[in-house]
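Beneath this line is the structure, given in structure tokens, with notes to follow.
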Amino acid sequence: MIDHAIFENLQTKIDEEAAVRDELHEIVQTLARKGRSTQAILSRAHSTPSDQLKPVLDDATREIVAQKQEVSRLKAVADKHPFYKYNGLWTRELQTLVSSIELCAYLGGFEQFKSASSASFLTIEEVGKFLDIPVNLKEQDAFHLTIEEYLLALIAMVEELSRLAVNSVTLGDYARPVQIGNFIKDLFAGFQLLNLKNDILRKRSDGIKYSVKKVEDVVYDLSLRNLIPK
């Protein structure tokens with residue numbers, strides 16, 4: 001006869017895992033809500049001249065700092081459990097947060113966290129330092145920012161910048177598309193050096209070339225009209 005205690009023990013484990021997921025889900029939902037607020041603020045950059053961006057960046061930075069606090073809560077809970085068992089719960093929101101950080105950095109924010117004053121974005125180590133979380137852990141089963149999450153965040157930032165290039169023309173800012181074009185072409189060249197094994201990452205990175213072409217078309221159109229500043 002089968003001992004029913006076996007199944008009672010399994011149910012206990014199921015309940016424990018459900019409780020962990022519920023706790024993590026609550027934190028991730030808060031992170032997502034604050035992330036939407038950050039993105040809404042950063043979207044104002046599409047209708048704001050580049051020399052008037054400081055209030056947008058200040059507001060976005062405040063929201064990102066609020067998200068950073070949620071990441072700290074998330075880390076405290078996640079560190080108690082196997083990383084790859086649960087990281088699917090938060091990876092999308094963490095990518096979105098890093099993308100917002102990178103966009104804010106490109107537009108002129110987070111200068112104190114950049115390795116050089118001329119840097120246009122933050123390295124994975126600099127993002128980790130800002131968020132106060134480890135990056136690319138190999139020998140520890142603990143909460144961290146993975147390379148894949150970081151690269152996907154950069155790709156999302158490139159897509160947003162290609163939109164910004166188009167909208168800048170509407171604002172009469174003809175220099176910004178050229179600057180964005182040079183930046184994302186450099187970034188694309190960097191991605192081409194990578195031998196990507198992750199299918200999703202490889203497919204998304206291939207899409208960068210379409211963002212590059214989109215901006216190149218804008219710059220070409222401006223050059224035909226002699227609108228690019230000398």
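FYI, nothing fancy with the structure tokens labels: chains A, B, ... in order, residues from 1 per chain, ligands from 1 as they appear.
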
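Every protein or nucleic acid residue with an atom no more than 8 Å from region 152-163 of chain A, counting only C-alpha atoms and leaving out same-chain residues fewer than 4 positions away, appears here: His46, Gln95, Thr96, Val98, Ser99, Ser100, Glu102, Leu103, Glu148, Asn167, Ile180, Ile184, Leu201, Arg204, Ser205, Ile208, Ser211, Val212, Lys214 and Val215 of chain A.
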
Step one, run DSSP on the backbone; step two, keep only residues of region 21-228 of chain A assigned to alpha helix (DSSP H); then write them as an MDAnalysis selection string. chainID A and resid 21:42 54:78 83:86 91:106 124:131 147:170 175:192 199:206 208:224

Write out the residues from the selection above, keeping C-alpha atoms, as a compact mmCIF listing (two decimals), in the first residue's frame.
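The resulting part_35.txt:
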# COMPACT_ATOMS: atom_id res chain seq x y z
CA ARG A 21 6.47 32.72 -6.19
CA ASP A 22 3.71 34.85 -4.67
CA GLU A 23 6.23 36.87 -2.65
CA LEU A 24 8.47 37.40 -5.68
CA HIS A 25 5.49 38.18 -7.90
CA GLU A 26 4.33 40.95 -5.56
CA ILE A 27 7.74 42.64 -5.71
CA VAL A 28 7.98 42.22 -9.50
CA GLN A 29 4.51 43.73 -9.96
CA THR A 30 5.60 46.80 -7.99
CA LEU A 31 8.79 46.98 -10.06
CA ALA A 32 6.73 46.75 -13.25
CA ARG A 33 4.36 49.49 -12.13
CA LYS A 34 7.20 51.85 -11.33
CA GLY A 35 8.88 50.84 -14.59
CA ARG A 36 5.84 51.97 -16.56
CA SER A 37 6.03 55.31 -14.79
CA THR A 38 9.71 55.63 -15.72
CA GLN A 39 9.00 54.83 -19.36
CA ALA A 40 6.17 57.36 -19.45
CA ILE A 41 8.55 60.05 -18.21
CA LEU A 42 11.31 59.10 -20.66
CA LYS A 54 17.20 68.15 -17.69
CA PRO A 55 13.75 68.16 -15.99
CA VAL A 56 12.86 64.96 -17.86
CA LEU A 57 16.10 63.29 -16.78
CA ASP A 58 15.65 64.46 -13.18
CA ASP A 59 12.13 63.00 -13.02
CA ALA A 60 13.23 59.78 -14.70
CA THR A 61 16.18 59.41 -12.32
CA ARG A 62 13.87 59.71 -9.30
CA GLU A 63 11.66 56.93 -10.67
CA ILE A 64 14.66 54.74 -11.48
CA VAL A 65 15.97 55.19 -7.92
CA ALA A 66 12.54 54.07 -6.67
CA GLN A 67 12.87 50.97 -8.88
CA LYS A 68 16.35 50.38 -7.49
CA GLN A 69 14.79 50.05 -4.05
CA GLU A 70 12.46 47.35 -5.38
CA VAL A 71 15.44 45.53 -6.91
CA SER A 72 17.03 45.51 -3.45
CA ARG A 73 13.86 43.92 -2.04
CA LEU A 74 13.84 41.43 -4.88
CA LYS A 75 17.46 40.49 -4.31
CA ALA A 76 16.89 39.95 -0.59
CA VAL A 77 14.14 37.40 -1.30
CA ALA A 78 15.64 35.82 -4.43
CA PHE A 83 18.40 31.69 -9.14
CA TYR A 84 17.51 29.93 -12.38
CA LYS A 85 14.39 28.36 -10.87
CA TYR A 86 12.75 31.75 -10.38
CA THR A 91 13.97 38.99 -16.04
CA ARG A 92 11.69 41.04 -18.30
CA GLU A 93 11.22 43.81 -15.74
CA LEU A 94 14.94 43.88 -14.96
CA GLN A 95 15.71 44.23 -18.67
CA THR A 96 13.22 47.09 -18.94
CA LEU A 97 14.81 48.84 -15.96
CA VAL A 98 18.33 48.49 -17.39
CA SER A 99 17.08 49.79 -20.76
CA SER A 100 15.62 52.85 -19.02
CA ILE A 101 18.90 53.40 -17.20
CA GLU A 102 20.82 53.18 -20.48
CA LEU A 103 18.46 55.55 -22.30
CA CYS A 104 18.66 58.03 -19.43
CA ALA A 105 22.47 57.71 -19.49
CA TYR A 106 22.62 58.32 -23.24
CA ILE A 124 27.32 46.00 -17.32
CA GLU A 125 29.65 46.54 -14.35
CA GLU A 126 28.55 50.17 -14.04
CA VAL A 127 24.88 49.16 -14.14
CA GLY A 128 25.57 46.58 -11.44
CA LYS A 129 27.33 49.18 -9.32
CA PHE A 130 24.41 51.58 -9.64
CA LEU A 131 21.80 48.93 -8.80
CA ILE A 147 24.91 39.24 -19.77
CA GLU A 148 21.85 38.26 -21.82
CA GLU A 149 19.61 40.63 -19.82
CA TYR A 150 22.11 43.45 -20.25
CA LEU A 151 22.44 42.95 -24.02
CA LEU A 152 18.67 42.72 -24.51
CA ALA A 153 18.34 45.99 -22.58
CA LEU A 154 20.85 47.67 -24.91
CA ILE A 155 18.89 46.44 -27.94
CA ALA A 156 15.68 47.90 -26.51
CA MET A 157 17.49 51.19 -25.95
CA VAL A 158 18.67 51.23 -29.59
CA GLU A 159 15.08 50.71 -30.79
CA GLU A 160 13.94 53.64 -28.66
CA LEU A 161 16.76 55.83 -29.98
CA SER A 162 15.77 55.10 -33.58
CA ARG A 163 12.31 56.47 -32.74
CA LEU A 164 13.90 59.47 -31.08
CA ALA A 165 15.89 60.22 -34.25
CA VAL A 166 12.68 60.45 -36.26
CA ASN A 167 10.87 62.56 -33.67
CA SER A 168 13.84 64.91 -33.33
CA VAL A 169 13.34 66.00 -36.91
CA THR A 170 9.78 67.01 -36.04
CA ALA A 175 21.89 67.31 -35.27
CA ARG A 176 20.49 64.65 -32.95
CA PRO A 177 19.69 62.04 -35.68
CA VAL A 178 23.33 62.25 -36.83
CA GLN A 179 24.56 61.75 -33.26
CA ILE A 180 22.17 58.85 -32.69
CA GLY A 181 23.14 57.30 -36.01
CA ASN A 182 26.85 57.36 -35.17
CA PHE A 183 26.20 55.87 -31.73
CA ILE A 184 23.99 52.98 -32.77
CA LYS A 185 26.28 52.12 -35.70
CA ASP A 186 29.16 51.84 -33.22
CA LEU A 187 27.01 49.74 -30.93
CA PHE A 188 25.95 47.50 -33.82
CA ALA A 189 29.59 47.00 -34.75
CA GLY A 190 30.19 45.86 -31.18
CA PHE A 191 27.33 43.36 -31.33
CA GLN A 192 28.77 41.94 -34.54
CA ASP A 199 18.35 32.23 -29.96
CA ILE A 200 16.25 35.12 -28.68
CA LEU A 201 19.29 37.33 -28.20
CA ARG A 202 20.66 36.49 -31.64
CA LYS A 203 17.32 37.26 -33.29
CA ARG A 204 16.88 40.52 -31.40
CA SER A 205 20.44 41.65 -32.10
CA ASP A 206 19.90 41.04 -35.82
CA ILE A 208 19.61 46.36 -34.67
CA LYS A 209 20.51 46.69 -38.36
CA TYR A 210 16.93 47.77 -39.08
CA SER A 211 17.19 50.48 -36.45
CA VAL A 212 20.49 51.58 -38.01
CA LYS A 213 18.91 51.71 -41.47
CA LYS A 214 15.94 53.65 -40.12
CA VAL A 215 18.22 56.35 -38.73
CA GLU A 216 20.45 56.32 -41.81
CA ASP A 217 17.38 57.03 -43.94
CA VAL A 218 16.51 59.99 -41.73
CA VAL A 219 20.06 61.37 -41.96
CA TYR A 220 20.15 60.82 -45.73
CA ASP A 221 16.87 62.69 -46.14
CA LEU A 222 18.21 65.58 -44.05
CA SER A 223 21.41 65.69 -46.08
CA LEU A 224 19.45 65.91 -49.34

Separation of CA of Phe121 (chain A) from CA of Ala45 (chain A) in Å: 16.7 Å

Please measure the separation of CA of Thr48 (chain A) and CA of Asp173 (chain A), giving the value in Å to one decimal. 10.0 Å

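With only C-alpha atoms as the atoms that count, the residue of A:Ile228, A:Leu145, A:Ala119, A:Ala18 with the shortest distance to Gly172 (chain A) is A:Ile228.
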
At a cut-off of 9 Å, using only C-alpha atoms, what residues contact Asp141 (chain A)? Leave out same-chain residues fewer than 2 positions from it and give the result as a ChimeraX atom specification. /A:79,81-84,137-139,143-144

Can you write out the residues you just picked, keeping C-alpha atoms, as a PDB file, in the first residue's frame?
ATOM      1  CA  ASP A  79      19.005  35.164  -2.778  1.00  0.00           C
ATOM      2  CA  HIS A  81      16.313  30.430  -3.467  1.00  0.00           C
ATOM      3  CA  PRO A  82      17.838  28.877  -6.631  1.00  0.00           C
ATOM      4  CA  PHE A  83      18.401  31.688  -9.140  1.00  0.00           C
ATOM      5  CA  TYR A  84      17.507  29.929 -12.381  1.00  0.00           C
ATOM      6  CA  LEU A 137      27.821  35.350 -11.617  1.00  0.00           C
ATOM      7  CA  LYS A 138      29.300  31.999 -12.657  1.00  0.00           C
ATOM      8  CA  GLU A 139      30.052  30.144  -9.449  1.00  0.00           C
ATOM      9  CA  PHE A 143      20.553  37.003  -7.736  1.00  0.00           C
ATOM     10  CA  HIS A 144      22.451  38.894 -10.452  1.00  0.00           C
TER      11      HIS A 144
END

What's the separation between CA of Asn136 (chain A) and CA of Gly207 (chain A), in Å to one decimal place? 24.1 Å

Using only C-alpha atoms, which of A:Leu194, A:Ala142, A:Ala116, A:Leu107 sits nearest Ser50 (chain A)? A:Leu107
